[in-house]
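Trainee: Sharing my_file-v5.tsv (TSV, C-alpha atoms) below.
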chain	number	residue	atom	x	y	z
A	22	MET	CA	140.38	40.03	-132.13
A	23	THR	CA	139.15	38.38	-135.29
A	24	THR	CA	140.52	40.13	-138.36
A	25	ILE	CA	137.56	39.28	-140.57
A	26	ARG	CA	133.78	39.40	-140.22
A	27	MET	CA	132.28	35.95	-139.72
A	28	VAL	CA	129.77	35.17	-142.43
A	29	ASP	CA	126.27	34.85	-140.95
A	30	PRO	CA	124.96	31.37	-141.82
A	31	ALA	CA	121.40	32.77	-141.83
A	32	THR	CA	122.06	35.04	-144.80
A	33	VAL	CA	124.17	32.88	-147.09
A	34	THR	CA	122.80	31.55	-150.37
A	35	GLY	CA	123.76	29.19	-153.16
A	36	LYS	CA	127.00	27.22	-152.93
A	37	THR	CA	128.01	28.64	-149.54
A	38	ARG	CA	124.61	27.71	-148.13
A	39	ALA	CA	125.02	24.14	-149.35
A	40	VAL	CA	128.49	23.89	-147.79
A	41	PHE	CA	127.34	25.42	-144.49
A	42	ASP	CA	124.39	23.00	-144.34
A	43	ALA	CA	126.74	20.07	-144.87
A	44	VAL	CA	129.24	21.42	-142.32
A	45	LEU	CA	126.53	21.84	-139.70
A	46	ARG	CA	125.17	18.34	-140.27
A	47	ARG	CA	128.68	16.99	-139.82
A	48	GLU	CA	129.50	19.11	-136.75
A	49	GLU	CA	126.18	18.24	-135.09
A	50	LYS	CA	127.02	14.59	-135.48
A	51	VAL	CA	130.66	14.82	-134.41
A	52	PHE	CA	130.51	17.19	-131.47
A	53	GLY	CA	126.94	18.29	-131.00
A	54	ALA	CA	127.40	21.71	-132.58
A	55	THR	CA	124.31	23.89	-132.91
A	56	ALA	CA	125.81	26.41	-135.33
A	57	VAL	CA	128.40	26.39	-138.13
A	58	SER	CA	131.81	26.83	-136.51
A	59	ASN	CA	133.93	29.94	-137.01
A	60	ILE	CA	136.62	28.10	-138.96
A	61	TRP	CA	134.07	27.61	-141.75
A	62	ARG	CA	132.25	30.92	-141.34
A	63	CYS	CA	135.51	32.82	-141.83
A	64	GLN	CA	135.92	31.25	-145.29
A	65	GLY	CA	132.37	31.93	-146.45
A	66	HIS	CA	133.10	35.21	-148.19
A	67	VAL	CA	134.46	33.28	-151.18
A	68	ALA	CA	132.08	30.48	-152.11
A	69	ASP	CA	134.44	28.48	-154.34
A	70	TYR	CA	137.13	28.61	-151.64
A	71	VAL	CA	134.99	27.31	-148.77
A	72	GLU	CA	133.65	24.63	-151.09
A	73	ALA	CA	137.18	23.54	-152.10
A	74	ASN	CA	138.31	23.31	-148.48
A	75	TRP	CA	135.15	21.44	-147.47
A	76	GLU	CA	135.73	18.90	-150.26
A	77	ARG	CA	139.28	18.42	-148.99
A	78	SER	CA	138.05	18.09	-145.42
A	79	ARG	CA	135.63	15.36	-146.50
A	80	ALA	CA	138.29	13.59	-148.54
A	81	LEU	CA	140.98	13.73	-145.85
A	82	MET	CA	139.01	13.59	-142.58
A	83	GLN	CA	135.99	11.45	-143.42
A	84	ARG	CA	137.33	8.82	-145.80
A	85	GLY	CA	140.08	6.32	-145.28
A	86	ARG	CA	141.07	3.39	-143.16
A	87	PHE	CA	141.43	5.08	-139.78
A	88	ALA	CA	138.71	5.55	-137.20
A	89	PRO	CA	137.64	9.20	-136.73
A	90	LEU	CA	139.41	9.30	-133.34
A	91	GLN	CA	142.70	8.21	-134.90
A	92	ARG	CA	142.57	11.11	-137.34
A	93	GLU	CA	141.53	13.53	-134.60
A	94	LEU	CA	144.56	12.50	-132.51
A	95	ILE	CA	146.89	13.50	-135.34
A	96	ALA	CA	144.91	16.69	-136.02
A	97	THR	CA	145.03	17.74	-132.38
A	98	ALA	CA	148.74	16.96	-132.09
A	99	VAL	CA	149.60	18.97	-135.22
A	100	SER	CA	147.48	21.89	-134.01
A	101	ALA	CA	149.16	21.81	-130.61
A	102	ALA	CA	152.60	21.66	-132.22
A	103	ASN	CA	151.64	24.65	-134.38
A	104	ALA	CA	150.56	26.45	-131.17
A	105	CYS	CA	147.13	26.88	-132.69
A	106	THR	CA	144.66	27.72	-129.93
A	107	TYR	CA	141.46	27.50	-132.00
B	57	MET	CA	137.93	17.85	-125.07
B	58	ARG	CA	135.72	16.66	-127.87
B	59	LEU	CA	137.89	13.63	-128.62
B	60	GLY	CA	136.21	11.71	-125.84
B	61	LEU	CA	139.55	11.14	-124.10
B	62	ASP	CA	139.90	11.47	-120.36
B	63	GLU	CA	142.70	13.46	-118.69
B	64	VAL	CA	145.11	10.54	-118.93
B	65	GLY	CA	144.43	10.18	-122.66
B	66	VAL	CA	144.87	13.90	-123.27
B	67	THR	CA	148.12	13.94	-121.27
B	68	GLU	CA	149.41	10.97	-123.26
B	69	LEU	CA	148.54	12.67	-126.54
B	70	MET	CA	150.31	15.89	-125.52
B	71	ALA	CA	153.28	13.84	-124.25
B	72	VAL	CA	153.62	12.18	-127.67
B	73	THR	CA	153.27	15.59	-129.32
B	74	GLU	CA	155.94	17.35	-127.29
B	75	HIS	CA	158.26	14.33	-127.30
B	76	ALA	CA	158.06	13.96	-131.09
B	77	ARG	CA	158.64	17.70	-131.43
B	78	ALA	CA	161.65	17.61	-129.11
B	79	MET	CA	163.12	14.59	-130.90
B	80	ALA	CA	162.70	16.33	-134.26
B	81	THR	CA	164.57	19.33	-132.87
B	82	THR	CA	167.27	17.05	-131.47
B	83	ALA	CA	167.83	15.18	-134.74
B	84	ALA	CA	167.93	18.40	-136.75
B	85	ALA	CA	170.21	20.08	-134.20
B	86	LEU	CA	172.62	17.15	-134.51
B	87	LEU	CA	172.52	17.66	-138.29
B	88	LEU	CA	171.11	14.18	-138.85
B	89	GLU	CA	169.27	14.14	-142.15
B	90	ARG	CA	168.94	10.53	-143.23
B	91	LEU	CA	168.44	7.35	-141.23
B	92	ASP	CA	171.67	5.90	-142.58
B	93	ASP	CA	173.78	8.93	-141.61
B	94	ALA	CA	176.82	7.74	-139.70
B	95	GLY	CA	177.12	10.80	-137.49
B	96	GLY	CA	176.42	14.48	-137.27
B	97	LEU	CA	177.40	17.56	-135.31
B	98	VAL	CA	178.71	15.32	-132.55
B	99	PRO	CA	180.28	11.96	-133.45
B	100	ALA	CA	178.42	8.82	-132.40
B	101	VAL	CA	180.00	6.38	-129.98
B	102	THR	CA	180.91	2.98	-131.39
B	103	ASP	CA	178.44	0.09	-131.29
B	104	ALA	CA	180.32	-1.37	-128.33
B	105	PRO	CA	181.39	1.48	-126.06
B	106	GLU	CA	183.46	0.78	-122.98
B	107	ASP	CA	180.90	1.98	-120.43
B	108	GLU	CA	178.91	-1.12	-119.54
B	109	GLU	CA	175.62	0.63	-118.84
B	110	VAL	CA	175.79	2.51	-122.13
B	111	ARG	CA	176.68	-0.70	-123.96
B	112	THR	CA	173.68	-2.52	-122.45
B	113	LEU	CA	171.33	0.38	-123.16
B	114	LEU	CA	172.45	0.66	-126.78
B	115	ALA	CA	172.07	-3.09	-127.25
B	116	ASP	CA	168.44	-2.77	-126.07
B	117	ILE	CA	167.82	0.29	-128.18
B	118	ARG	CA	169.21	-1.34	-131.32
B	119	THR	CA	166.56	-4.08	-131.16
B	120	GLU	CA	163.74	-1.52	-131.21
B	121	VAL	CA	164.70	1.35	-133.50
B	122	PRO	CA	165.23	1.62	-137.26
B	123	SER	CA	168.45	3.57	-136.74
B	124	ALA	CA	170.48	3.97	-133.58
B	125	VAL	CA	172.77	6.80	-134.68
B	126	LEU	CA	170.80	9.44	-132.78
B	127	TRP	CA	170.99	7.33	-129.65
B	128	ARG	CA	174.69	6.62	-130.18
B	129	ILE	CA	175.32	10.35	-130.31
B	130	LEU	CA	173.35	10.98	-127.11
B	131	ALA	CA	175.43	8.20	-125.55
B	132	ARG	CA	178.33	10.69	-125.33
B	133	ASN	CA	176.40	11.79	-122.23
B	134	PRO	CA	175.09	8.64	-120.50
B	135	HIS	CA	172.60	10.66	-118.40
B	136	TYR	CA	171.17	12.23	-121.54
B	137	LEU	CA	170.90	8.83	-123.24
B	138	ARG	CA	169.36	7.05	-120.26
B	139	SER	CA	166.78	9.73	-119.44
B	140	THR	CA	165.76	10.25	-123.07
B	141	TRP	CA	165.40	6.54	-123.84
B	142	ARG	CA	163.42	6.08	-120.62
B	143	LYS	CA	161.11	8.89	-121.68
B	144	GLU	CA	160.75	7.47	-125.20
B	145	GLN	CA	159.62	4.16	-123.69
B	146	VAL	CA	157.22	5.73	-121.20
B	147	VAL	CA	155.68	8.12	-123.71
B	148	MET	CA	155.36	5.74	-126.68
B	149	ARG	CA	154.17	2.54	-124.97
B	150	ASP	CA	150.58	1.26	-124.84
B	151	GLY	CA	148.43	3.22	-122.41
B	152	ALA	CA	145.09	4.98	-122.76
B	153	LEU	CA	146.25	5.36	-126.38
B	154	ASN	CA	147.83	2.38	-128.07
B	155	ALA	CA	151.47	2.41	-129.16
B	156	ARG	CA	150.61	2.13	-132.84
B	157	ASP	CA	148.36	5.21	-132.85
B	158	LYS	CA	150.98	7.10	-130.85
B	159	ARG	CA	153.63	6.31	-133.46
B	160	ARG	CA	151.28	7.56	-136.19
B	161	VAL	CA	150.85	10.80	-134.25
B	162	ALA	CA	154.64	11.11	-133.92
B	163	LEU	CA	155.01	10.64	-137.68
B	164	GLY	CA	152.40	13.38	-138.22
B	165	ILE	CA	154.37	15.74	-136.00
B	166	ALA	CA	157.63	15.01	-137.83
B	167	MET	CA	155.86	15.59	-141.17
B	168	SER	CA	154.41	18.84	-139.89
B	169	LEU	CA	157.90	19.98	-138.86
B	170	ARG	CA	159.43	18.73	-142.15
B	171	ALA	CA	161.96	16.89	-140.00
B	172	ARG	CA	163.42	14.50	-142.55
B	173	TYR	CA	165.35	12.21	-140.20
B	174	MET	CA	162.41	11.75	-137.83
B	175	ILE	CA	159.96	11.30	-140.73
B	176	GLU	CA	162.09	8.37	-141.90
B	177	TYR	CA	162.46	7.08	-138.34
B	178	HIS	CA	158.76	7.10	-137.40
B	179	ALA	CA	157.70	5.94	-140.89
B	180	ALA	CA	159.97	2.90	-140.56
B	181	LEU	CA	158.32	2.09	-137.23
B	182	VAL	CA	154.73	2.50	-138.48
B	183	ARG	CA	155.58	0.33	-141.50
B	184	ARG	CA	157.08	-2.25	-139.14
B	185	ALA	CA	153.75	-2.21	-137.25
B	186	GLY	CA	151.94	-3.02	-140.51
B	187	ASP	CA	151.00	0.33	-142.03
B	188	GLY	CA	151.51	0.77	-145.76
B	189	ASP	CA	151.46	3.59	-148.27
B	190	ALA	CA	147.71	4.16	-147.82
B	191	GLU	CA	148.03	4.72	-144.07
B	192	ILE	CA	151.07	6.97	-144.46
B	193	LEU	CA	149.23	9.07	-147.02
B	194	GLU	CA	146.22	9.21	-144.70
B	195	ILE	CA	148.41	10.54	-141.88
B	196	LEU	CA	149.84	13.13	-144.27
B	197	GLY	CA	146.31	14.09	-145.36
B	198	VAL	CA	145.38	15.03	-141.80
B	199	VAL	CA	148.64	16.96	-141.33
B	200	ASP	CA	148.04	18.73	-144.63
B	201	HIS	CA	144.44	19.68	-143.85
B	202	TYR	CA	145.27	20.93	-140.36
B	203	THR	CA	148.12	22.99	-141.75
B	204	THR	CA	145.36	24.69	-143.76
B	205	LEU	CA	142.97	25.13	-140.83
B	206	ASN	CA	145.70	26.26	-138.39
B	207	THR	CA	146.96	28.85	-140.88
B	208	LEU	CA	143.45	30.18	-141.41
B	209	SER	CA	142.53	30.35	-137.75
B	210	GLU	CA	145.80	32.05	-136.79
B	211	GLY	CA	145.82	34.38	-139.81
B	212	MET	CA	142.26	35.50	-139.18
B	213	GLN	CA	142.56	35.29	-135.37
B	214	ILE	CA	139.46	33.15	-135.20
B	215	GLU	CA	137.95	32.92	-131.74
B	216	SER	CA	137.21	29.47	-130.41
B	217	ASP	CA	133.54	28.56	-130.58
B	218	ILE	CA	133.97	24.86	-129.94
B	219	VAL	CA	132.17	24.38	-126.65
B	220	PRO	CA	133.26	21.35	-124.64
B	221	PRO	CA	130.45	19.01	-123.68
B	222	ALA	CA	129.01	19.76	-120.24
Written as structure tokens, how would this file's structure read?
Mentor:
Amino acid sequence: MTTIRMVDPATVTGKTRAVFDAVLRREEKVFGATAVSNIWRCQGHVADYVEANWERSRALMQRGRFAPLQRELIATAVSAANACTY
Amino acid sequence: MRLGLDEVGVTELMAVTEHARAMATTAAALLLERLDDAGGLVPAVTDAPEDEEVRTLLADIRTEVPSAVLWRILARNPHYLRSTWRKEQVVMRDGALNARDKRRVALGIAMSLRARYMIEYHAALVRRAGDGDAEILEILGVVDHYTTLNTLSEGMQIESDIVPPA
């Protein structure tokens, strides 16, 4: 059971809206998402926070020398080792 | 599986993950902290042990690893040494995923576990394969960011909404 209410992307405004729009564009491209994923919706209650994490995501997951798959391999392995089911 | 890997690729990735995790546990359990440690909880055998099979195995191992002390400790039990080295070779060799990407994954796991000995071990091997500071920092960046996302999703008990492609 989720311990927090997921922010509804339809009702957000301002900075959170801009981040959610960017997240959705990215997730559509990467895995064909049709809605902002829960990992971002759960952060949307604090606009500066979701923005800071999105900036880090872009810096660490979208820039660099590796191909996207190479980064995803590491991400998936770390998540599995952390027993993270999300 | 949104990575676009088939079942063999996914199995290889999970094999690297669990193997790197087990090796990190092993090194820490043996109280190995630095690559140049001479021994740990259990003393290492000499470089030229009497048992011929162990001697041959260790000679092979020494040509491939940055530090053989972990393997020389396991050599106290030849079955343990042989089966673990065999697994290391099977899990880390080129397959659906290439050996270099697998070693980067193993380094990420060791970093995630803060396993100093295995961080040094895998880092030496990725550097040997040609990676530099930029690549190592890029691996850390992914580990770092997924520490964030894993903590959030577990802490908030986020339900999965990532639908696999049909």
Trainee: Using all atoms listed in the file, what table do you get, as a Markdown table, when you list each residue of chain B with an atom no more than 10 Å from chain A, its nearest pair of atoms, and their distance in Å rounded to one decimal, rows by chain then rising number?
Mentor:
| residue | atom | partner | partner_atom | distance |
| --- | --- | --- | --- | --- |
| B:Met57 | CA | A:Phe52 | CA | 9.8 |
| B:Arg58 | CA | A:Phe52 | CA | 6.4 |
| B:Leu59 | CA | A:Leu90 | CA | 6.6 |
| B:Gly60 | CA | A:Leu90 | CA | 8.5 |
| B:Leu61 | CA | A:Leu90 | CA | 9.4 |
| B:Val66 | CA | A:Leu94 | CA | 9.4 |
| B:Leu69 | CA | A:Ala98 | CA | 7.0 |
| B:Met70 | CA | A:Ala98 | CA | 6.8 |
| B:Ala71 | CA | A:Ala98 | CA | 9.6 |
| B:Val72 | CA | A:Ala98 | CA | 8.1 |
| B:Thr73 | CA | A:Ala98 | CA | 5.5 |
| B:Glu74 | CA | A:Ala102 | CA | 7.4 |
| B:Ala76 | CA | A:Ala102 | CA | 9.5 |
| B:Arg77 | CA | A:Ala102 | CA | 7.3 |
| B:Leu153 | CA | A:Leu94 | CA | 9.6 |
| B:Asp157 | CA | A:Gln91 | CA | 6.7 |
| B:Lys158 | CA | A:Leu94 | CA | 8.6 |
| B:Arg160 | CA | A:Ile95 | CA | 7.4 |
| B:Val161 | CA | A:Ile95 | CA | 4.9 |
| B:Ala162 | CA | A:Ile95 | CA | 8.2 |
| B:Leu163 | CA | A:Ile95 | CA | 8.9 |
| B:Gly164 | CA | A:Ile95 | CA | 6.2 |
| B:Ile165 | CA | A:Val99 | CA | 5.8 |
| B:Ala166 | CA | A:Val99 | CA | 9.3 |
| B:Met167 | CA | A:Val99 | CA | 9.3 |
| B:Ser168 | CA | A:Val99 | CA | 6.7 |
| B:Leu169 | CA | A:Ala102 | CA | 8.7 |
| B:Ala190 | CA | A:Arg86 | CA | 8.1 |
| B:Glu191 | CA | A:Arg86 | CA | 7.1 |
| B:Leu193 | CA | A:Leu81 | CA | 9.5 |
| B:Glu194 | CA | A:Gly85 | CA | 6.8 |
| B:Ile195 | CA | A:Ile95 | CA | 7.3 |
| B:Leu196 | CA | A:Leu81 | CA | 9.0 |
| B:Gly197 | CA | A:Leu81 | CA | 5.4 |
| B:Val198 | CA | A:Ala96 | CA | 6.0 |
| B:Val199 | CA | A:Ala96 | CA | 6.5 |
| B:Asp200 | CA | A:Leu81 | CA | 8.7 |
| B:His201 | CA | A:Ser78 | CA | 6.8 |
| B:Tyr202 | CA | A:Ala96 | CA | 6.1 |
| B:Thr203 | CA | A:Val99 | CA | 7.8 |
| B:Thr204 | CA | A:Asn74 | CA | 8.6 |
| B:Leu205 | CA | A:Ile60 | CA | 7.3 |
| B:Asn206 | CA | A:Cys105 | CA | 5.9 |
| B:Thr207 | CA | A:Cys105 | CA | 8.4 |
| B:Leu208 | CA | A:Ile60 | CA | 7.5 |
| B:Ser209 | CA | A:Ile60 | CA | 6.4 |
| B:Glu210 | CA | A:Cys105 | CA | 6.7 |
| B:Gly211 | CA | A:Thr24 | CA | 8.0 |
| B:Met212 | CA | A:Thr24 | CA | 5.0 |
| B:Gln213 | CA | A:Thr23 | CA | 4.6 |
| B:Ile214 | CA | A:Thr23 | CA | 5.2 |
| B:Glu215 | CA | A:Tyr107 | CA | 6.5 |
| B:Ser216 | CA | A:Tyr107 | CA | 4.9 |
| B:Asp217 | CA | A:Ser58 | CA | 6.4 |
| B:Ile218 | CA | A:Ser58 | CA | 7.2 |
| B:Val219 | CA | A:Ala54 | CA | 8.1 |
| B:Pro220 | CA | A:Phe52 | CA | 8.5 |
| B:Pro221 | CA | A:Phe52 | CA | 8.0 |
Trainee: What is the CA of Asn133 in chain B to CA of Arg90 in chain B distance in Å?
Mentor: 22.3 Å
Trainee: Which residues are near range 97-102 of chain B? Cut-off 9 Å, only C-alpha atoms, ignore same chain within fewer than 3 positions. Put them as a list of chain:residue names.
Mentor: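 Here the qualifying residues turn out to be B:Ala85, B:Leu86, B:Leu87, B:Leu88, B:Ala94, B:Pro105, B:Val125, B:Leu126, B:Trp127, B:Arg128, B:Ile129, B:Leu130, B:Ala131, B:Arg132.
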Trainee: Between CA of Arg183 in chain B and CA of Glu63 in chain B, what distance in Å does the model show, to one decimal?
Mentor: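 Going from CA of Arg183 in chain B over to CA of Glu63 in chain B covers 29.3 Å.
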Trainee: Select all residues near (168.5, 3.3, -139.7) (cut-off 10 Å, inclusive, file coordinates), counting all atoms listed in the file, and output them as number ranges by chain.
Mentor: B: 90-94, 118, 121-126, 173, 176-177, 180
Trainee: Quick one: pull the distance between CA of Asp116 in chain B and CA of Thr67 in chain B, Å, one decimal.
Mentor: 26.7 Å
